[in-house]
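target.tsv, holding TSV, C-alpha atoms and all ligand atoms:
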```tsv
chain	number	residue	atom	x	y	z
V	1	MET	CA	214.20	-45.88	89.20
V	2	LYS	CA	210.91	-46.26	90.99
V	3	ILE	CA	207.85	-46.21	88.76
V	4	VAL	CA	204.48	-46.52	90.48
V	5	ASN	CA	201.43	-47.28	88.41
V	6	ILE	CA	198.54	-45.26	89.81
V	7	ASP	CA	195.67	-46.13	87.51
V	8	ALA	CA	197.06	-47.29	84.18
V	9	LYS	CA	195.71	-50.67	83.14
V	10	GLU	CA	197.98	-53.63	83.65
V	11	GLU	CA	198.24	-54.37	79.94
V	12	ASP	CA	199.66	-50.88	79.43
V	13	LEU	CA	202.44	-51.64	81.87
V	14	ARG	CA	203.36	-54.86	80.12
V	15	GLU	CA	203.58	-53.05	76.80
V	16	ILE	CA	205.90	-50.40	78.16
V	17	ASN	CA	208.61	-52.96	78.86
V	18	LEU	CA	209.94	-50.86	81.70
V	19	LYS	CA	213.32	-52.55	81.86
V	20	ASN	CA	214.04	-51.53	78.30
V	21	VAL	CA	212.90	-47.96	78.86
V	22	GLU	CA	214.90	-47.70	82.05
V	23	SER	CA	218.12	-48.81	80.41
V	24	ILE	CA	217.62	-46.29	77.58
V	25	ILE	CA	217.07	-43.49	80.06
V	26	CYS	CA	219.98	-44.43	82.33
V	27	ALA	CA	222.39	-44.82	79.43
V	28	ALA	CA	221.30	-41.56	77.90
V	29	VAL	CA	220.97	-39.37	80.97
V	30	SER	CA	223.96	-40.49	83.05
V	31	PRO	CA	226.79	-38.80	81.10
V	32	PHE	CA	224.87	-35.55	80.98
V	33	GLU	CA	223.89	-35.74	84.63
V	34	GLN	CA	227.54	-36.19	85.54
V	35	GLU	CA	228.57	-33.25	83.42
V	36	LEU	CA	225.92	-30.95	84.87
V	37	GLY	CA	226.48	-32.39	88.33
V	38	GLY	CA	230.14	-31.42	88.14
V	39	LEU	CA	229.11	-27.83	87.60
V	40	LYS	CA	226.34	-27.61	90.14
V	41	GLY	CA	227.58	-30.02	92.76
V	42	ILE	CA	224.48	-32.11	92.38
V	43	ASN	CA	226.05	-35.43	91.39
V	44	ASP	CA	225.22	-36.80	94.82
V	45	LEU	CA	221.58	-35.94	94.37
V	46	ASN	CA	220.96	-38.74	91.95
V	47	LEU	CA	217.72	-37.35	90.70
V	48	LEU	CA	217.09	-40.39	88.54
V	49	GLN	CA	217.05	-42.75	91.47
V	50	THR	CA	215.10	-40.68	93.93
V	51	ILE	CA	212.28	-38.81	92.28
V	52	PRO	CA	209.04	-40.84	92.26
V	53	ILE	CA	207.55	-41.47	88.83
V	54	LYS	CA	203.84	-42.18	88.69
V	55	LEU	CA	201.80	-43.46	85.79
V	56	ARG	CA	198.29	-42.25	85.15
V	57	ASP	CA	195.85	-42.88	82.36
V	58	ASN	CA	195.46	-39.18	81.66
V	59	GLY	CA	196.25	-35.89	83.32
V	60	ASP	CA	193.62	-35.01	85.90
V	61	ASP	CA	192.07	-31.79	87.05
V	62	GLU	CA	193.39	-31.71	90.59
V	63	ASN	CA	194.28	-28.12	89.86
V	64	GLU	CA	197.67	-28.57	91.43
V	65	GLU	CA	200.50	-26.21	90.70
V	66	GLY	CA	203.08	-27.83	88.54
V	67	VAL	CA	204.56	-28.00	85.08
V	68	ILE	CA	201.77	-29.84	83.33
V	69	ASP	CA	202.33	-31.01	79.76
V	70	LEU	CA	199.89	-32.87	77.55
V	71	LEU	CA	201.62	-36.23	78.08
V	72	GLY	CA	203.26	-35.81	81.48
V	73	ALA	CA	203.87	-33.46	84.37
V	74	TYR	CA	206.47	-32.40	86.90
V	75	TYR	CA	205.22	-31.36	90.32
V	76	PRO	CA	207.79	-29.48	92.42
V	77	ARG	CA	208.04	-29.77	96.17
V	78	THR	CA	205.50	-27.89	98.24
V	79	THR	CA	204.95	-27.74	101.96
V	80	LYS	CA	202.27	-30.42	101.49
V	81	ARG	CA	203.90	-32.89	99.11
V	82	ASP	CA	207.15	-34.25	97.76
V	83	PRO	CA	208.20	-33.57	94.18
V	84	ARG	CA	207.14	-36.15	91.60
V	85	ILE	CA	206.86	-36.89	87.91
V	86	GLU	CA	203.70	-38.20	86.30
V	87	LEU	CA	203.33	-39.79	82.89
V	88	PHE	CA	199.93	-40.00	81.22
V	89	VAL	CA	200.08	-43.44	79.65
V	90	SER	CA	196.81	-43.47	77.72
V	91	SER	CA	197.52	-40.04	76.26
V	92	ILE	CA	200.94	-41.22	75.12
V	93	LYS	CA	199.37	-44.33	73.65
V	94	ASP	CA	196.75	-42.28	71.78
V	95	SER	CA	199.53	-40.19	70.23
V	96	VAL	CA	201.20	-43.15	68.49
V	97	ASN	CA	198.19	-45.03	67.06
V	98	GLY	CA	199.16	-48.35	68.59
V	99	ASN	CA	202.70	-48.41	67.22
V	100	VAL	CA	204.64	-50.25	69.94
V	101	GLN	CA	208.09	-49.00	68.96
V	102	GLN	CA	206.90	-45.41	68.82
V	103	PHE	CA	205.18	-45.90	72.17
V	104	LYS	CA	208.51	-46.79	73.80
V	105	TRP	CA	210.23	-43.87	72.15
V	106	LEU	CA	207.54	-41.35	73.07
V	107	PHE	CA	207.25	-42.71	76.63
V	108	THR	CA	211.00	-42.29	77.04
V	109	LYS	CA	211.03	-38.87	75.42
V	110	VAL	CA	208.28	-37.62	77.74
V	111	LEU	CA	210.03	-39.07	80.78
V	112	ILE	CA	213.34	-37.37	79.91
V	113	HIS	CA	211.43	-34.14	79.25
V	114	GLU	CA	209.88	-34.30	82.73
V	115	PHE	CA	213.28	-35.17	84.24
V	116	SER	CA	214.56	-32.02	82.60
V	117	HIS	CA	211.94	-29.94	84.40
V	118	ALA	CA	213.04	-31.58	87.66
V	119	LEU	CA	216.69	-30.89	86.90
V	120	PHE	CA	215.96	-27.22	86.10
V	121	ASP	CA	214.20	-27.05	89.46
V	122	ILE	CA	217.22	-28.52	91.22
V	123	ASN	CA	217.55	-25.60	93.62
V	124	ASN	CA	214.12	-26.38	95.03
V	125	TYR	CA	214.34	-30.13	94.80
V	126	ARG	CA	215.72	-30.82	98.24
V	127	LYS	CA	214.51	-27.70	99.99
V	128	THR	CA	211.65	-27.74	102.39
V	129	ASP	CA	211.07	-24.00	102.09
V	130	PHE	CA	209.37	-24.32	98.77
V	131	ILE	CA	209.43	-21.28	96.52
V	132	TYR	CA	207.06	-21.89	93.65
V	133	ALA	CA	207.26	-18.35	92.34
V	134	ARG	CA	210.80	-18.90	91.14
V	135	ILE	CA	209.64	-21.33	88.51
V	136	ASN	CA	207.59	-18.53	86.96
V	137	TYR	CA	205.99	-21.17	84.83
V	138	CYS	CA	202.63	-19.46	84.69
V	139	SER	CA	203.89	-16.52	82.64
V	140	GLU	CA	204.17	-16.71	78.88
V	141	TYR	CA	207.92	-16.16	79.13
V	142	GLY	CA	208.24	-18.85	81.78
V	143	ARG	CA	206.41	-21.41	79.67
V	144	TRP	CA	208.37	-20.64	76.47
V	145	ARG	CA	211.72	-20.72	78.26
V	146	GLU	CA	211.03	-23.82	80.32
V	147	GLU	CA	209.40	-25.95	77.62
V	148	SER	CA	211.97	-25.13	74.94
V	149	MET	CA	214.83	-25.86	77.34
V	150	ALA	CA	213.25	-29.12	78.56
V	151	ASN	CA	212.83	-30.32	74.98
V	152	ALA	CA	216.35	-29.19	74.08
V	153	LEU	CA	217.83	-31.21	76.92
V	154	ALA	CA	215.65	-34.22	76.09
V	155	LEU	CA	216.76	-34.10	72.45
V	156	ARG	CA	220.41	-33.81	73.38
V	157	VAL	CA	220.16	-36.75	75.76
V	158	ILE	CA	218.42	-38.83	73.07
V	159	LYS	CA	221.02	-37.82	70.49
V	160	GLU	CA	223.85	-38.89	72.79
V	161	TYR	CA	222.18	-42.25	73.29
V	162	GLY	CA	223.04	-42.85	69.64
V	163	ASP	CA	219.93	-44.52	68.20
V	164	THR	CA	219.38	-42.49	65.02
V	165	ASP	CA	215.81	-43.72	64.46
V	166	PHE	CA	214.83	-42.76	68.01
V	167	TYR	CA	216.52	-39.38	67.59
V	168	GLU	CA	214.77	-38.65	64.28
V	169	TYR	CA	211.44	-39.70	65.76
V	170	ALA	CA	211.90	-37.48	68.84
V	171	LYS	CA	212.94	-34.54	66.69
V	172	SER	CA	209.98	-34.76	64.34
V	173	PHE	CA	207.62	-35.27	67.26
V	174	MET	CA	208.97	-32.09	68.92
V	175	LEU	CA	208.52	-30.15	65.69
V	176	SER	CA	204.86	-31.21	65.68
V	177	GLN	CA	204.37	-29.87	69.24
V	178	PRO	CA	203.20	-26.31	70.07
V	179	PRO	CA	205.79	-23.65	69.12
V	180	GLU	CA	207.17	-23.17	72.65
V	181	TYR	CA	208.13	-26.87	72.61
V	182	ALA	CA	209.31	-26.97	68.99
V	183	LEU	CA	211.70	-24.11	69.75
V	184	GLY	CA	213.81	-26.59	71.73
V	185	VAL	CA	214.92	-28.34	68.53
V	186	LEU	CA	216.99	-25.24	67.70
V	187	MET	CA	218.80	-25.58	71.04
V	188	GLU	CA	219.86	-29.21	70.76
V	189	ASP	CA	223.56	-28.36	70.93
V	190	PHE	CA	223.24	-26.33	74.14
V	191	SER	CA	225.99	-27.33	76.56
V	192	SER	CA	225.80	-28.06	80.27
V	193	LEU	CA	227.03	-24.49	80.81
V	194	ASP	CA	224.00	-23.17	78.91
V	195	TYR	CA	221.71	-25.21	81.16
V	196	LYS	CA	223.55	-24.02	84.25
V	197	ARG	CA	222.99	-20.46	83.07
V	198	TYR	CA	219.30	-21.15	82.64
V	199	ILE	CA	219.04	-22.59	86.16
V	200	ASP	CA	220.93	-19.58	87.54
V	201	SER	CA	218.73	-17.10	85.70
V	202	LYS	CA	215.60	-18.79	87.07
V	203	GLU	CA	217.00	-18.34	90.55
V	204	ARG	CA	218.11	-14.72	90.10
V	205	GLY	CA	215.40	-13.32	87.86
V	206	VAL	CA	215.30	-11.75	84.41
V	207	ASN	CA	214.50	-8.16	83.44
V	208	ASN	CA	210.86	-7.86	82.30
V	209	ASP	CA	211.66	-5.79	79.22
V	210	LEU	CA	214.22	-8.39	78.11
V	211	LYS	CA	211.61	-11.12	78.55
V	212	GLN	CA	209.27	-9.33	76.16
V	213	ILE	CA	212.00	-8.68	73.58
V	214	TRP	CA	213.03	-12.34	73.69
V	215	LEU	CA	209.41	-13.50	73.35
V	216	LYS	CA	208.95	-11.30	70.30
V	217	TYR	CA	212.18	-12.70	68.85
V	218	VAL	CA	211.37	-16.37	69.37
V	219	LYS	CA	207.79	-15.97	68.16
V	220	ASN	CA	208.38	-13.83	65.08
V	221	GLY	CA	212.07	-13.40	64.50
V	222	ASN	CA	213.21	-16.64	62.84
V	223	PRO	CA	215.40	-17.58	65.81
V	224	THR	CA	218.81	-19.16	65.20
V	225	PRO	CA	220.81	-21.50	67.46
V	226	ASN	CA	223.64	-19.00	67.89
V	227	LEU	CA	221.42	-16.08	68.85
V	228	LEU	CA	219.39	-18.27	71.21
V	229	LYS	CA	222.63	-19.19	72.96
V	230	LYS	CA	223.59	-15.53	73.16
V	231	TRP	CA	220.20	-14.70	74.66
V	232	ASN	CA	220.83	-17.33	77.30
V	233	VAL	CA	223.99	-15.47	78.32
V	234	VAL	CA	222.14	-12.14	78.25
V	235	PHE	CA	219.55	-13.50	80.70
V	236	TRP	CA	222.32	-14.84	82.91
V	237	GLY	CA	224.32	-11.62	83.32
V	238	GLU	CA	223.65	-9.09	86.04
V	239	TYR	CA	223.55	-6.34	83.43
V	240	ALA	CA	222.62	-6.59	79.79
V	241	TYR	CA	223.27	-3.89	77.19
V	242	TYR	CA	221.86	-3.27	73.77
V	243	PHE	CA	224.01	-1.33	71.31
V	244	LYS	CA	223.90	-1.27	67.51
V	245	GLU	CA	221.70	-4.36	67.21
V	246	ASN	CA	223.85	-6.37	69.60
V	247	TYR	CA	223.27	-7.58	73.13
V	248	TYR	CA	226.06	-7.75	75.70
V	249	SER	CA	226.12	-9.25	79.14
V	250	SER	CA	228.10	-8.52	82.27
V	251	VAL	CA	228.51	-10.71	85.29
V	252	ARG	CA	230.11	-9.67	88.52
V	253	ASN	CA	233.56	-11.08	89.20
V	254	LEU	CA	234.06	-12.46	85.73
V	255	VAL	CA	235.88	-11.05	82.74
V	256	PRO	CA	232.84	-9.25	81.38
V	257	SER	CA	231.77	-9.77	77.84
V	258	THR	CA	230.94	-6.07	78.13
V	259	GLY	CA	234.61	-5.61	77.27
V	260	LYS	CA	233.34	-6.14	73.75
V	261	LEU	CA	230.76	-3.39	74.29
V	262	VAL	CA	233.47	-0.94	75.32
V	263	VAL	CA	235.51	-1.84	72.26
V	264	ASP	CA	232.46	-1.46	70.01
V	265	ILE	CA	231.76	1.97	71.52
V	266	VAL	CA	235.38	3.04	71.04
V	267	MET	CA	235.36	1.79	67.44
V	268	ASP	CA	232.07	3.54	66.79
V	269	LYS	CA	233.52	6.80	68.06
V	270	LEU	CA	236.69	6.39	65.97
V	271	ASN	CA	234.63	5.69	62.84
V	272	LYS	CA	232.31	8.63	63.42
V	273	PHE	CA	235.28	10.92	63.91
V	274	GLU	CA	236.85	9.72	60.68
V	275	ASN	CA	233.61	10.25	58.75
V	276	GLU	CA	233.22	13.77	60.12
V	277	HIS	CA	236.82	14.93	59.79
V	278	GLY	CA	238.10	12.92	56.90
V	279	ARG	CA	241.03	11.69	58.97
V	280	LYS	CA	241.78	9.45	61.94
V	281	MET	CA	242.10	10.71	65.52
V	282	THR	CA	245.47	11.65	66.89
V	283	GLU	CA	246.68	10.00	70.04
V	284	ALA	CA	245.93	13.20	72.02
V	285	GLU	CA	242.35	13.34	70.67
V	286	PHE	CA	241.86	9.70	71.54
V	287	THR	CA	243.03	10.25	75.11
V	288	ASP	CA	240.72	13.29	75.34
V	289	ALA	CA	237.75	11.27	74.16
V	290	PHE	CA	238.18	8.51	76.73
V	291	PRO	CA	239.64	9.93	79.90
V	292	ASN	CA	240.10	8.26	83.25
V	293	ASN	CA	236.92	6.34	83.88
V	294	ILE	CA	238.28	3.53	81.91
V	295	GLU	CA	241.97	3.18	81.94
V	296	ILE	CA	242.92	3.03	78.30
V	297	GLU	CA	246.60	2.55	77.83
V	298	THR	CA	247.86	2.95	74.32
V	299	VAL	CA	250.89	1.06	75.38
V	300	THR	CA	252.46	-0.12	72.21
V	301	LYS	CA	253.10	1.61	68.94
V	302	TRP	CA	253.50	-1.18	66.46
V	303	VAL	CA	253.90	-0.91	62.76
V	304	ASN	CA	252.25	-4.24	62.11
V	305	VAL	CA	249.85	-5.05	64.89
V	306	PRO	CA	248.07	-8.28	64.12
V	307	HIS	CA	244.31	-8.20	64.45
V	308	ILE	CA	243.96	-8.66	68.16
V	309	GLN	CA	240.89	-8.69	70.29
V	310	CYS	CA	241.19	-10.70	73.42
V	311	ALA	CA	240.08	-10.63	77.02
V	312	TYR	CA	241.97	-12.10	79.92
V	313	GLU	CA	242.53	-11.54	83.59
V	314	PHE	CA	245.76	-10.29	85.12
V	315	ASP	CA	246.27	-9.65	88.81
V	316	SER	CA	242.52	-10.24	89.35
V	317	ARG	CA	241.68	-7.46	86.91
V	318	PRO	CA	239.93	-7.98	83.62
V	319	ILE	CA	241.92	-6.71	80.68
V	320	TYR	CA	240.67	-6.29	77.16
V	321	GLU	CA	243.22	-5.80	74.39
V	322	TYR	CA	242.49	-4.80	70.86
V	323	LYS	CA	244.02	-3.07	67.90
V	324	ILE	CA	243.15	0.49	66.97
V	325	GLU	CA	244.42	2.66	64.19
V	326	LEU	CA	245.09	6.33	64.83
V	327	LYS	CA	246.41	9.15	62.63
V	328	ASP	CA	249.26	8.52	60.21
V	329	GLY	CA	248.35	4.88	59.86
V	330	ILE	CA	250.09	3.97	63.09
V	331	CYS	CA	248.53	1.05	64.90
V	332	TYR	CA	248.25	0.85	68.63
V	333	LEU	CA	247.60	-2.02	70.89
V	334	ALA	CA	245.05	-0.56	73.24
V	335	SER	CA	244.71	-2.18	76.58
V	336	LEU	CA	241.57	-1.58	78.60
V	337	LYS	CA	241.78	-2.38	82.27
V	338	TRP	CA	238.91	-1.97	84.65
V	339	ASN	CA	237.13	-3.30	87.60
V	340	ASN	CA	233.37	-3.79	87.47
V	341	ASP	CA	232.68	-0.57	89.32
V	342	ASN	CA	234.49	1.73	86.94
V	343	LEU	CA	233.21	-0.23	83.97
V	344	HIS	CA	229.67	0.32	85.17
V	345	LYS	CA	230.43	3.98	85.84
V	346	PHE	CA	231.83	4.38	82.35
V	347	LEU	CA	228.83	2.74	80.76
V	348	GLY	CA	226.40	4.70	82.92
V	349	LYS	CA	228.06	7.98	82.00
V	350	ASN	CA	228.12	7.23	78.29
V	351	ARG	CA	224.71	5.63	77.96
V	352	TYR	CA	223.08	8.61	76.26
V	353	ALA	CA	226.11	9.80	74.31
V	354	TYR	CA	226.47	6.45	72.60
V	355	GLY	CA	222.83	5.46	72.50
V	356	PHE	CA	222.83	2.08	74.19
V	357	THR	CA	220.29	0.65	76.58
V	358	GLU	CA	221.07	-0.91	79.92
V	359	TYR	CA	218.95	-3.62	81.54
V	360	GLN	CA	219.47	-4.97	85.04
V	361	ASN	CA	218.46	-8.60	85.49
V	362	TYR	CA	218.78	-8.97	89.25
V	401	ZN	ZN	207.22	-29.67	79.80
```

Written form, structure tokens:
Amino acid sequence: MKIVNIDAKEEDLREINLKNVESIICAAVSPFEQELGGLKGINDLNLLQTIPIKLRDNGDDENEEGVIDLLGAYYPRTTKRDPRIELFVSSIKDSVNGNVQQFKWLFTKVLIHEFSHALFDINNYRKTDFIYARINYCSEYGRWREESMANALALRVIKEYGDTDFYEYAKSFMLSQPPEYALGVLMEDFSSLDYKRYIDSKERGVNNDLKQIWLKYVKNGNPTPNLLKKWNVVFWGEYAYYFKENYYSSVRNLVPSTGKLVVDIVMDKLNKFENEHGRKMTEAEFTDAFPNNIEIETVTKWVNVPHIQCAYEFDSRPIYEYKIELKDGICYLASLKWNNDNLHKFLGKNRYAYGFTEYQNY
């Protein structure tokens, strides 16, 4: 790790005890970097070793484009300069009232946070054709997404390092930060797959309406870890759907989680029918209700079908199986098979009939 002191006073450097900080960061970041590297093929990049880290007294007003926090900054590559991380040493020092232990912790926390920005920008890191727009950091959505994710990753890395006092300090510090940073504490158990999805969604783009709905949710909706994770998947999918207070996501060439949407629509229709007619549908009525576009095979008539709802792939085709109950109390194992084209056709055709909303992310 190469740390260059730009204008911090020498005594500041001595107090940092860089060797100590470096070993904390390497021990904490390495396992995660390997995990994420395995997914993205970036393990050879060795971000930790190559990105320059510069120390400054305070942030300056160069008016450069970058991710500029109160205590540090990440500057992505441009045509004019290489990417770099800066840490504002005096600002960090002012935040801990001279407490040396807390200074080390906060310095390390800020450094990992800035590393996280660099990692999320991995697709631009080595490129010479710099595309700043993709960071979208200047928008409110961009700032909330990026800062919460960077803090989430920093907290996870610190947690894995295993020093409980450090972890508790980092957590309470994050909770004292502005809300877009504090949000990250709720995402501390995000996995490398969640981060990969975030990086992908930055690259591909997110539907503007979804951005606004998410912002409203995280700002006023008492966000929960599970729903935040779900939102991450919704942003990642090519299509997102909203039906009966649930969001669904579909991604090309993968068993779509929209299988669940189809099942929920089918169940909704079955329930409505039962409420209106006082009885369950017959097999013929069921086949009438869902013809052709989606191949629904009521293949098995079982007396005791266990509660089944599972998705898998057979012969390169996604299959969704679930249990339905038709007239006379007979249970069927319904098997939905589709490809993405006829799934999309089915959803497009039924959008108004079933009252769900479709969003396209990219
Ligand atoms: Zn930041």

Measuring between only C-alpha atoms and all ligand atoms, which one of V:Phe273, V:Tyr248, V:Tyr181, V:Phe120 shows the shortest distance to ligand ZN 401 (chain V)? V:Tyr181

Rank V:Ile213, V:Val206, V:Ile265, V:Leu155 by their smallest atom-to-atom distance to Gly237 (chain V), using all atoms listed in the file, and report the top residue only.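 Closest to Gly237 (chain V), using all atoms listed in the file: V:Val206.
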
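Selecting all polymer residues at most 10 Å from ligand ZN 401 (chain V), using only C-alpha atoms and all ligand atoms, gives Gly66, Val67, Ile68, Asp69, Leu70, Leu71, Gly72, Ala73, Tyr74, Val110, Leu111, Ile112, His113, Glu114, Phe115, Ser116, His117, Ala118, Tyr137, Arg143, Trp144, Glu146, Glu147, Ser148, Met149, Ala150, Asn151, Glu180 and Tyr181 of chain V.
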
Between V:Glu188, V:Leu347, V:Lys196, V:Ala240, smallest distance to Val266 (chain V) by all atoms listed in the file belongs to V:Leu347

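Note that the spacing between CA of Ile92 (chain V) and CA of Ile53 (chain V) amounts to 15.2 Å.
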
Residue neighbourhood Trp236 (chain V), 10 Å, all atoms listed in the file, exclusion window fewer than 2 positions, as a ChimeraX atom specification: /V:194,196-206,230-234,238-240,249-251,361-362

Pick out the residues sitting within 10 Å of region 277-280 of chain V, and hand them over as an MDAnalysis selection string; count all atoms listed in the file, and ignore anything fewer than 2 positions along from it in its own chain. chainID V and resid 270:275 282:283 285:286 325:329

Residue among V:Asn207, V:Ala182, V:Phe190, V:Gln212 lying closest to Asn226 (chain V), counting only C-alpha atoms: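 Among the listed residues, the smallest separation from Asn226 (chain V) belongs to V:Phe190.
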
Rounded to one decimal in Å, what is the spacing between CA of Ala170 (chain V) and CA of Ile158 (chain V)? 7.9 Å

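A straight line drawn from CA of Leu227 (chain V) to CA of Lys171 (chain V) is 20.4 Å long.
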
Nearest-residue call for Leu175 (chain V), choices V:Ala152, V:Thr79, V:Ile324, V:Lys54, using all atoms listed in the file: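 Nearest to Leu175 (chain V): V:Ala152.
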
Please provide the set of residues having any atom within 12 Å of Gln102 (chain V), restricted to all atoms listed in the file, with same-chain residues fewer than 5 positions apart removed, written as a PyMOL selection string. chain V and resi 15-16+21+92-97+107-110+165-170+172-173
